[in-house]
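K.L.:
Please find run.txt (compact mmCIF, C-alpha atoms) on the next line:
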```
# COMPACT_ATOMS: atom_id res chain seq x y z
CA MET E 1 -60.69 141.73 158.63
CA VAL E 2 -56.93 141.34 158.31
CA ALA E 3 -55.15 144.24 156.67
CA GLN E 4 -53.70 143.26 153.32
CA GLY E 5 -49.94 142.85 153.17
CA SER E 6 -49.53 142.19 156.90
CA PRO E 7 -49.77 138.50 157.72
CA ALA E 8 -52.09 137.68 160.64
CA MET E 9 -50.27 137.18 163.90
CA THR E 10 -50.89 134.05 165.90
CA ASP E 11 -52.21 134.35 169.47
CA ARG E 12 -48.73 133.51 170.69
CA GLU E 13 -47.03 136.22 168.60
CA GLN E 14 -49.58 138.78 169.71
CA ALA E 15 -49.05 137.82 173.35
CA GLY E 16 -45.29 138.01 172.92
CA ALA E 17 -45.58 141.42 171.30
CA ALA E 18 -47.76 142.60 174.19
CA GLY E 19 -44.71 142.33 176.46
CA PRO E 20 -43.53 140.01 179.21
CA ILE E 21 -45.62 138.62 182.05
CA ARG E 22 -44.31 140.20 185.25
CA ARG E 23 -45.09 139.45 188.88
CA ARG E 24 -43.56 140.79 192.08
CA PHE E 25 -44.53 139.10 195.32
CA THR E 26 -43.31 138.22 198.80
CA SER E 27 -41.81 134.73 198.93
CA GLY E 28 -43.83 131.86 200.37
CA ASP E 29 -45.51 128.60 199.40
CA LYS E 30 -48.95 130.19 199.00
CA ALA E 31 -47.55 133.08 196.97
CA THR E 32 -45.75 130.57 194.73
CA ARG E 33 -49.05 128.84 194.09
CA GLU E 34 -50.92 132.09 193.34
CA THR E 35 -48.16 133.19 190.99
CA LEU E 36 -48.23 129.89 189.12
CA VAL E 37 -52.00 130.09 188.69
CA HIS E 38 -51.69 133.61 187.27
CA VAL E 39 -48.83 132.76 184.92
CA THR E 40 -50.34 129.52 183.61
CA GLU E 41 -53.63 131.30 182.88
CA ALA E 42 -51.76 133.98 180.96
CA LEU E 43 -49.75 131.40 179.00
CA ALA E 44 -52.85 129.37 178.13
CA ALA E 45 -54.62 132.57 177.02
CA ALA E 46 -51.59 133.29 174.80
CA GLY E 47 -52.24 130.07 172.91
CA LEU E 48 -49.48 127.85 174.31
CA SER E 49 -50.13 124.10 174.22
CA GLU E 50 -51.13 122.33 177.43
CA ASP E 51 -47.79 120.55 177.39
CA ASP E 52 -45.81 123.80 177.17
CA VAL E 53 -47.88 125.41 179.92
CA ALA E 54 -47.34 122.34 182.14
CA ASN E 55 -43.56 122.42 181.55
CA ALA E 56 -43.39 126.11 182.43
CA GLU E 57 -45.48 125.60 185.56
CA LEU E 58 -43.28 122.76 186.78
CA ILE E 59 -39.97 124.57 186.17
CA LEU E 60 -41.16 127.80 187.78
CA ALA E 61 -42.58 125.86 190.74
CA GLU E 62 -39.27 124.08 191.37
CA ALA E 63 -37.28 127.31 191.03
CA MET E 64 -39.62 129.25 193.35
CA ASN E 65 -39.63 126.38 195.88
CA ASN E 66 -35.83 126.66 195.94
CA ILE E 67 -36.07 130.39 196.65
CA VAL E 68 -38.44 129.77 199.59
CA GLU E 69 -36.49 126.84 200.96
CA HIS E 70 -32.85 127.80 200.34
CA ALA E 71 -32.45 131.49 199.44
CA TYR E 72 -34.84 132.88 202.05
CA ALA E 73 -34.72 129.72 204.22
CA GLY E 74 -37.26 130.56 206.90
CA THR E 75 -37.34 134.31 206.24
CA GLU E 76 -39.34 136.21 203.61
CA GLY E 77 -38.45 138.66 200.89
CA PRO E 78 -39.29 139.98 197.45
CA VAL E 79 -39.35 137.79 194.35
CA ASP E 80 -39.55 139.13 190.79
CA LEU E 81 -40.69 136.87 187.98
CA THR E 82 -40.51 137.79 184.30
CA VAL E 83 -41.71 135.44 181.55
CA THR E 84 -41.26 136.51 177.95
CA ILE E 85 -43.07 134.60 175.22
CA GLY E 86 -40.75 134.10 172.25
CA ARG E 87 -41.16 132.39 168.93
CA ASP E 88 -39.61 129.06 170.00
CA GLY E 89 -39.89 129.15 173.74
CA LEU E 90 -40.22 131.11 176.96
CA ASP E 91 -37.47 133.19 178.51
CA CYS E 92 -37.88 133.11 182.28
CA MET E 93 -36.11 135.16 184.92
CA LEU E 94 -36.47 134.94 188.69
CA ARG E 95 -34.85 137.42 191.10
CA ASP E 96 -34.71 137.31 194.87
CA GLN E 97 -32.79 139.00 197.67
CA GLY E 98 -32.06 135.86 199.64
CA ARG E 99 -28.74 134.29 200.50
CA GLU E 100 -26.19 134.14 197.72
CA ALA E 101 -26.09 130.71 196.15
CA PRO E 102 -23.01 128.54 196.65
CA ILE E 103 -20.32 128.23 193.97
CA GLY E 104 -21.28 125.80 191.24
CA TYR E 105 -24.83 127.02 191.11
CA PRO E 106 -27.16 126.16 189.47
CA PRO E 107 -26.34 122.57 190.42
CA ASP E 108 -26.49 119.65 188.03
CA PRO E 109 -26.95 116.72 190.37
CA PRO E 110 -27.49 113.14 189.25
CA LEU E 111 -30.82 111.66 190.26
CA PRO E 112 -30.68 110.46 193.86
CA GLU E 113 -29.94 106.77 194.39
CA MET E 114 -33.03 104.61 194.39
CA GLU E 115 -32.81 101.49 196.47
CA PRO E 116 -36.31 100.31 197.01
CA PRO E 117 -38.28 99.87 199.02
CA LEU E 118 -37.09 101.68 202.15
CA GLU E 119 -34.08 103.72 200.98
CA LEU E 120 -35.98 105.77 198.39
CA PRO E 121 -35.18 109.49 198.25
CA GLU E 122 -37.91 111.97 199.19
CA GLY E 123 -36.10 114.99 197.77
CA GLY E 124 -33.30 116.08 195.50
CA PHE E 125 -35.38 116.00 192.34
CA GLY E 126 -35.95 119.71 191.75
CA TRP E 127 -32.81 120.66 189.83
CA HIS E 128 -32.94 117.45 187.84
CA ILE E 129 -36.48 118.34 186.69
CA ILE E 130 -35.45 121.92 185.84
CA ARG E 131 -32.42 120.72 183.85
CA CYS E 132 -34.55 118.22 181.93
CA LEU E 133 -36.97 120.87 180.68
CA THR E 134 -34.80 123.96 180.14
CA THR E 135 -31.82 125.25 178.16
CA ASP E 136 -29.48 128.15 178.94
CA LEU E 137 -29.92 127.80 182.71
CA ARG E 138 -27.82 130.51 184.39
CA TYR E 139 -27.32 131.99 187.82
CA ARG E 140 -25.64 135.25 188.71
CA ARG E 141 -25.44 137.60 191.67
CA GLU E 142 -26.28 141.24 190.95
CA GLY E 143 -25.68 143.33 194.06
CA ALA E 144 -28.19 142.08 196.62
CA TRP E 145 -30.07 139.99 194.07
CA ASN E 146 -29.87 136.37 193.00
CA VAL E 147 -30.82 136.15 189.32
CA LEU E 148 -31.77 132.82 187.77
CA SER E 149 -32.61 132.72 184.09
CA CYS E 150 -33.53 129.93 181.71
CA ARG E 151 -35.25 129.19 178.44
CA VAL E 152 -38.12 126.76 178.17
CA PRO E 153 -38.27 125.53 174.58
CA PHE E 154 -41.70 124.83 173.15
CA SER E 155 -42.25 121.12 172.72
CA GLY E 156 -43.91 121.40 169.34
CA LEU E 157 -46.81 119.28 170.60
CA ASP E 158 -50.23 120.90 170.36
CA MET K 1 -56.52 118.39 202.20
CA ASP K 2 -59.59 116.67 200.82
CA ILE K 3 -59.06 112.93 200.39
CA SER K 4 -61.56 110.08 200.57
CA ALA K 5 -60.98 106.38 201.23
CA THR K 6 -63.19 103.61 199.81
CA LEU K 7 -62.69 99.98 200.75
CA ASN K 8 -63.22 97.57 197.85
CA PRO K 9 -62.97 93.75 197.96
CA THR K 10 -59.66 93.94 196.07
CA GLY K 11 -58.11 97.07 197.52
CA LEU K 12 -58.34 100.32 199.46
CA VAL K 13 -58.82 103.27 197.12
CA ILE K 14 -57.63 106.65 198.36
CA ARG K 15 -58.81 109.45 196.12
CA VAL K 16 -57.16 112.87 196.25
CA ASN K 17 -59.90 115.47 195.67
CA GLU K 18 -57.46 118.31 195.10
CA ALA K 19 -56.00 119.77 191.92
CA ARG K 20 -52.54 120.35 193.37
CA ILE K 21 -50.04 118.48 195.53
CA ASP K 22 -47.30 121.08 195.90
CA ALA K 23 -44.95 122.55 198.49
CA ALA K 24 -47.86 124.37 200.17
CA VAL K 25 -49.69 121.12 201.01
CA ALA K 26 -47.10 118.31 200.84
CA ILE K 27 -46.96 117.77 204.60
CA GLU K 28 -50.74 118.03 204.93
CA PHE K 29 -51.13 115.49 202.13
CA LYS K 30 -48.77 113.03 203.80
CA GLU K 31 -50.61 113.32 207.13
CA ALA K 32 -54.05 112.95 205.51
CA VAL K 33 -53.03 109.80 203.63
CA ARG K 34 -51.34 108.43 206.74
CA ALA K 35 -54.65 108.79 208.61
CA ALA K 36 -56.67 107.28 205.74
CA VAL K 37 -54.54 104.14 205.54
CA ASP K 38 -55.51 103.23 209.08
CA ALA K 39 -58.41 101.46 207.34
CA PRO K 40 -57.75 97.85 206.26
CA GLY K 41 -57.35 96.82 202.62
CA ASN K 42 -54.56 95.75 200.28
CA PRO K 43 -53.18 96.98 197.98
CA ILE K 44 -53.62 100.68 198.57
CA ILE K 45 -54.47 102.47 195.34
CA LEU K 46 -53.84 106.20 195.28
CA ASP K 47 -56.27 107.75 192.79
CA LEU K 48 -54.56 110.84 191.33
CA SER K 49 -57.05 111.47 188.52
CA LYS K 50 -58.13 114.83 189.99
CA VAL K 51 -54.55 116.04 190.45
CA THR K 52 -53.35 118.27 187.62
CA PHE K 53 -50.18 119.53 189.27
CA LEU K 54 -47.54 117.74 191.32
CA ASP K 55 -44.09 119.22 192.04
CA SER K 56 -41.04 117.54 193.56
CA SER K 57 -42.36 118.30 197.07
CA GLY K 58 -45.56 116.45 196.21
CA LEU K 59 -43.57 113.62 194.68
CA GLY K 60 -41.50 113.40 197.87
CA ALA K 61 -44.71 113.13 199.90
CA VAL K 62 -46.00 110.26 197.73
CA VAL K 63 -42.64 108.49 198.14
CA ALA K 64 -42.81 109.10 201.90
CA VAL K 65 -46.20 107.37 202.03
CA LEU K 66 -44.82 104.40 200.08
CA LYS K 67 -41.98 104.06 202.60
CA LEU K 68 -44.27 104.57 205.57
CA LEU K 69 -46.54 101.74 204.43
CA GLY K 70 -43.66 99.34 203.86
CA PRO K 71 -43.69 96.10 201.89
CA GLU K 72 -46.69 94.68 203.77
CA ARG K 73 -49.04 97.27 202.31
CA PRO K 74 -48.07 98.04 198.71
CA LEU K 75 -48.96 101.52 197.44
CA GLN K 76 -50.03 101.66 193.80
CA LEU K 77 -50.98 104.68 191.69
CA ALA K 78 -53.85 105.18 189.27
CA GLY K 79 -55.27 107.85 186.99
CA LEU K 80 -52.16 109.98 186.48
CA THR K 81 -52.87 113.11 184.43
CA PRO K 82 -50.24 113.93 181.75
CA SER K 83 -48.38 116.55 183.80
CA VAL K 84 -48.25 114.29 186.88
CA ALA K 85 -47.10 111.32 184.79
CA LYS K 86 -44.30 113.51 183.42
CA VAL K 87 -42.88 114.17 186.91
CA PHE K 88 -42.80 110.42 187.63
CA ARG K 89 -41.14 109.79 184.27
CA LEU K 90 -38.47 112.52 184.55
CA THR K 91 -37.45 111.32 188.02
CA ARG K 92 -37.67 107.64 187.00
CA MET K 93 -40.09 107.08 189.85
CA ASP K 94 -42.30 105.40 187.27
CA SER K 95 -39.93 102.43 187.66
CA ILE K 96 -40.53 102.27 191.41
CA PHE K 97 -44.32 102.48 191.55
CA THR K 98 -46.90 100.19 190.03
CA ILE K 99 -48.95 102.62 187.94
CA HIS K 100 -52.40 101.80 186.53
CA GLU K 101 -54.27 103.84 183.95
CA THR K 102 -57.52 103.72 185.89
CA VAL K 103 -58.81 102.79 189.34
CA PRO K 104 -61.11 100.04 187.96
CA GLY K 105 -58.09 98.66 186.11
CA ALA K 106 -56.04 98.71 189.32
CA LEU K 107 -58.78 96.92 191.27
CA LYS K 108 -59.18 94.33 188.55
CA ALA K 109 -55.43 93.70 188.43
CA ALA K 110 -55.41 93.23 192.21
CA GLY K 111 -58.40 90.87 192.19
```
Turn this file's structure into structure tokens for me.
P.N.:
Amino acid sequence: MVAQGSPAMTDREQAGAAGPIRRRFTSGDKATRETLVHVTEALAAAGLSEDDVANAELILAEAMNNIVEHAYAGTEGPVDLTVTIGRDGLDCMLRDQGREAPIGYPPDPPLPEMEPPLELPEGGFGWHIIRCLTTDLRYRREGAWNVLSCRVPFSGLD
Amino acid sequence: MDISATLNPTGLVIRVNEARIDAAVAIEFKEAVRAAVDAPGNPIILDLSKVTFLDSSGLGAVVAVLKLLGPERPLQLAGLTPSVAKVFRLTRMDSIFTIHETVPGALKAAG
């Protein structure tokens, strides 16, 4: 029974009110995968559409792959992930203690050249994918930490 | 990496029996498909209907297989789930690969 005078909250609003999804883990491909499984389950349980969950999973995967490959580059270290469910989208923040990113980060590269069939690129897609699916993408250095934040707008498709 | 190869009269179907092709398994995936395509059969149809997540590392591995096979053995894709199709679309790789909705459709088109 819903109390009179207080409109019922949607699953998404309730999940947002319950506070952000937080994970701290040691960087690595397997840890990235485990984190994504946890976060996508939480987002689906919060009532997000399949499309929105898929977008979030892809963006977070690309960003965490970059941390493994470029920030820690062969070493390991802590990664903090915070995902806050808002009314119109997700606010995501990733922190790591890897190498400071170069100037001009986060990059905004054009898609790699495609000259089929043998000159096709096998990499260089990650930032393009992230840029396609996010707004307010920002990087900053805070002491020993790299901090990447972005917003993932909901697609409106259910 | 669990993949299975089935030779049909009109093509070699390689099915990926995994939910994810990501950075953790991209190299393993490439090696497994490389071994599977030792079997004869043209075209080669990569059945991705069980794959619900592919990141840019996984995409790179699929592209690597395409290049490895070369023009003599065309690699086609079938059964892309919505999230996998999105990665191909965002990177415009959907313009490079021949993509079929289903494996039977791919085999029929090749026949």
K.L.:
At a cut-off of 8 Å, can you tabulate as a tab-separated table every residue of chain E near chain K together with its closest atom pair and the distance in Å to one decimal, using only C-alpha atoms and ordering rows by chain then number?
P.N.:
```
residue	atom	partner	partner_atom	distance
E:Asp29	CA	K:Ala24	CA	4.9
E:Lys30	CA	K:Ala24	CA	6.0
E:Arg33	CA	K:Ala24	CA	7.6
E:Asp51	CA	K:Ser83	CA	7.6
E:Ala54	CA	K:Ser83	CA	6.1
E:Asn55	CA	K:Ser83	CA	7.9
E:Leu58	CA	K:Asp55	CA	6.4
E:Ala61	CA	K:Asp55	CA	6.9
E:Glu62	CA	K:Asp55	CA	6.9
E:Asn65	CA	K:Ala23	CA	7.1
E:Leu111	CA	K:Thr91	CA	7.0
E:Pro116	CA	K:Ile96	CA	7.3
E:Pro117	CA	K:Lys67	CA	6.6
E:Leu118	CA	K:Lys67	CA	5.5
E:Leu120	CA	K:Val63	CA	7.2
E:Pro121	CA	K:Gly60	CA	7.4
E:Glu122	CA	K:Gly60	CA	4.1
E:Gly123	CA	K:Gly60	CA	5.6
E:Phe125	CA	K:Ser56	CA	6.0
E:Gly126	CA	K:Ser56	CA	5.8
E:His128	CA	K:Thr91	CA	7.6
E:Ile129	CA	K:Leu90	CA	6.5
E:Cys132	CA	K:Leu90	CA	7.4
```
K.L.:
So, counting all atoms listed in the file, which residue among K:Ala26, K:Leu75, K:Ala85, K:Asn17 is closest to Ala110 (chain K)?
P.N.:
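Checking each of K:Ala26, K:Leu75, K:Ala85, K:Asn17 against Ala110 (chain K), counting all atoms listed in the file, the winner is K:Leu75.
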K.L.:
Could you check the closest approach to Ala78 (chain K) for each of K:Ile27, K:Asp38, K:Ala32, K:Ile14 and tell me which residue wins, using all atoms listed in the file?
P.N.:
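Closest residue, counting all atoms listed in the file: K:Ile14.
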K.L.:
Within 7 Å of Val83 (chain E), counting all atoms listed in the file, which residues show up once you throw out same-chain ones fewer than 3 positions away? Write them as a PyMOL selection string, please.
P.N.:
chain E and resi 20-22+90-93
K.L.:
Name the closest residue to Glu50 (chain E) among the candidates K:Thr81, K:Arg73, K:Thr102, K:Glu18; distances are taken between atoms, counting all atoms listed in the file.
P.N.:
K:Thr81
K.L.:
What gap, in Å, lies between CA of Val152 (chain E) and CA of Val79 (chain E)?
P.N.:
19.6 Å
K.L.:
For Pro107 (chain E), please output as a list in words all residues within 12 Å (counting only C-alpha atoms; exclusion window: fewer than 6 positions along the same chain).
P.N.:
Ala63, Asn66, Ala101, Gly124, Phe125, Gly126, Trp127, His128, Ile129, Ile130, Arg131, Leu137, Arg138, Tyr139 and Leu148 of chain E
K.L.:
Centre and edge lengths, as AutoDock Vina command-line options, for the axis-aligned box enclosing every listed atom of region 127-130 of chain E with 3 Å of padding on each of the six sides, in Å to one decimal?
P.N.:
```
--center_x -34.6 --center_y 119.7 --center_z 187.8 --size_x 9.7 --size_y 10.5 --size_z 10.0
```
K.L.:
To one decimal in Å, tell me the separation between CA of Glu57 (chain E) and CA of Ile103 (chain E).
P.N.:
26.7 Å
K.L.:
Which distance in Å separates CA of Asp80 (chain E) and CA of Ser155 (chain E), to one decimal?
P.N.:
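CA of Ser155 (chain E) lies at a distance of 25.7 Å from CA of Asp80 (chain E).
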K.L.:
If we count all atoms listed in the file and set the cut-off at 7 Å, which residues sit around Asn42 (chain K), ignoring sequence neighbours fewer than 4 positions away in its own chain? Please answer as an MDAnalysis selection string.
P.N.:
chainID K and resid 10:12 73
K.L.:
Counting only C-alpha atoms, which residue out of E:Gly89, E:Pro153, E:Gly104, E:Pro78 sits closest to Met64 (chain E)?
P.N.:
E:Pro78
K.L.:
Considering all atoms listed in the file, can you say which of E:Val37, E:Gly74, E:Phe154, E:Leu48 comes closest to Leu60 (chain E)?
P.N.:
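Ranked by minimum distance to Leu60 (chain E), first place goes to E:Val37.
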K.L.:
Identify the residues around (-31.1, 123.2, 176.0) within a radius of 8 Å, measuring from all atoms listed in the file in the coordinates stated by the file, and give them as an MDAnalysis selection string.
P.N.:
chainID E and resid 133:136 151 153
K.L.:
So which one's closest to Ala17 (chain E), E:Ile85, E:Leu94, E:Ala71, E:Cys150? Using only C-alpha atoms, please.
P.N.:
E:Ile85
K.L.:
Identify the residues within 7 Å of coordinate (-56.6, 111.7, 189.8) (same frame as the file), considering all atoms listed in the file, and give the answer as a PyMOL selection string.
P.N.:
chain K and resi 16+47-51+79-81
K.L.:
Could you give me region 49-81 of chain K completed to N, CA and C atoms, formatted as a compact mmCIF listing (two decimals), in the coordinates of the input?
P.N.:
```txt
# COMPACT_ATOMS: atom_id res chain seq x y z
N SER K 49 -56.41 110.98 189.75
CA SER K 49 -57.05 111.47 188.52
C SER K 49 -57.53 112.92 188.61
N LYS K 50 -57.71 113.43 189.84
CA LYS K 50 -58.13 114.83 189.99
C LYS K 50 -56.93 115.79 190.11
N VAL K 51 -55.74 115.22 190.20
CA VAL K 51 -54.55 116.04 190.45
C VAL K 51 -53.94 116.47 189.12
N THR K 52 -53.91 117.77 188.88
CA THR K 52 -53.35 118.27 187.62
C THR K 52 -51.96 118.86 187.80
N PHE K 53 -51.53 119.01 189.06
CA PHE K 53 -50.18 119.53 189.27
C PHE K 53 -49.53 118.87 190.48
N LEU K 54 -48.34 118.34 190.25
CA LEU K 54 -47.54 117.74 191.32
C LEU K 54 -46.11 118.22 191.13
N ASP K 55 -45.50 118.81 192.17
CA ASP K 55 -44.09 119.22 192.04
C ASP K 55 -43.22 118.22 192.81
N SER K 56 -41.93 118.53 192.92
CA SER K 56 -41.04 117.54 193.56
C SER K 56 -41.35 117.40 195.05
N SER K 57 -41.94 118.44 195.67
CA SER K 57 -42.36 118.30 197.07
C SER K 57 -43.51 117.30 197.18
N GLY K 58 -44.44 117.39 196.24
CA GLY K 58 -45.56 116.45 196.21
C GLY K 58 -45.09 115.04 195.92
N LEU K 59 -44.15 114.93 195.00
CA LEU K 59 -43.57 113.62 194.68
C LEU K 59 -42.92 113.03 195.93
N GLY K 60 -42.16 113.86 196.64
CA GLY K 60 -41.50 113.40 197.87
C GLY K 60 -42.51 112.90 198.89
N ALA K 61 -43.67 113.56 198.95
CA ALA K 61 -44.71 113.13 199.90
C ALA K 61 -45.30 111.78 199.50
N VAL K 62 -45.48 111.56 198.20
CA VAL K 62 -46.00 110.26 197.73
C VAL K 62 -44.98 109.15 198.05
N VAL K 63 -43.70 109.46 197.83
CA VAL K 63 -42.64 108.49 198.14
C VAL K 63 -42.61 108.21 199.65
N ALA K 64 -42.80 109.26 200.44
CA ALA K 64 -42.81 109.10 201.90
C ALA K 64 -43.92 108.16 202.34
N VAL K 65 -45.08 108.27 201.70
CA VAL K 65 -46.20 107.37 202.03
C VAL K 65 -45.85 105.92 201.67
N LEU K 66 -45.24 105.74 200.50
CA LEU K 66 -44.82 104.40 200.08
C LEU K 66 -43.90 103.77 201.14
N LYS K 67 -42.94 104.56 201.62
CA LYS K 67 -41.98 104.06 202.60
C LYS K 67 -42.64 103.79 203.94
N LEU K 68 -43.54 104.70 204.30
CA LEU K 68 -44.27 104.57 205.57
C LEU K 68 -45.08 103.27 205.62
N LEU K 69 -45.68 102.92 204.49
CA LEU K 69 -46.54 101.74 204.43
C LEU K 69 -45.71 100.45 204.46
N GLY K 70 -44.52 100.51 203.86
CA GLY K 70 -43.66 99.34 203.86
C GLY K 70 -44.15 98.24 202.94
N PRO K 71 -43.38 97.15 202.86
CA PRO K 71 -43.69 96.10 201.89
C PRO K 71 -45.00 95.34 202.17
N GLU K 72 -45.46 95.41 203.42
CA GLU K 72 -46.69 94.68 203.77
C GLU K 72 -47.93 95.28 203.13
N ARG K 73 -47.87 96.58 202.87
CA ARG K 73 -49.04 97.27 202.31
C ARG K 73 -48.64 98.05 201.07
N PRO K 74 -48.55 97.37 199.93
CA PRO K 74 -48.07 98.04 198.71
C PRO K 74 -48.94 99.23 198.30
N LEU K 75 -48.28 100.32 197.93
CA LEU K 75 -48.96 101.52 197.44
C LEU K 75 -48.85 101.54 195.92
N GLN K 76 -50.01 101.57 195.26
CA GLN K 76 -50.03 101.66 193.80
C GLN K 76 -50.69 102.98 193.40
N LEU K 77 -50.43 103.41 192.17
CA LEU K 77 -50.98 104.68 191.69
C LEU K 77 -51.91 104.44 190.51
N ALA K 78 -52.92 105.30 190.40
CA ALA K 78 -53.85 105.18 189.27
C ALA K 78 -54.31 106.55 188.82
N GLY K 79 -54.62 106.65 187.52
CA GLY K 79 -55.27 107.85 186.99
C GLY K 79 -54.35 109.06 186.88
N LEU K 80 -53.08 108.84 186.57
CA LEU K 80 -52.16 109.98 186.48
C LEU K 80 -52.51 110.87 185.28
N THR K 81 -52.66 112.15 185.52
CA THR K 81 -52.87 113.11 184.43
C THR K 81 -51.51 113.32 183.73
```
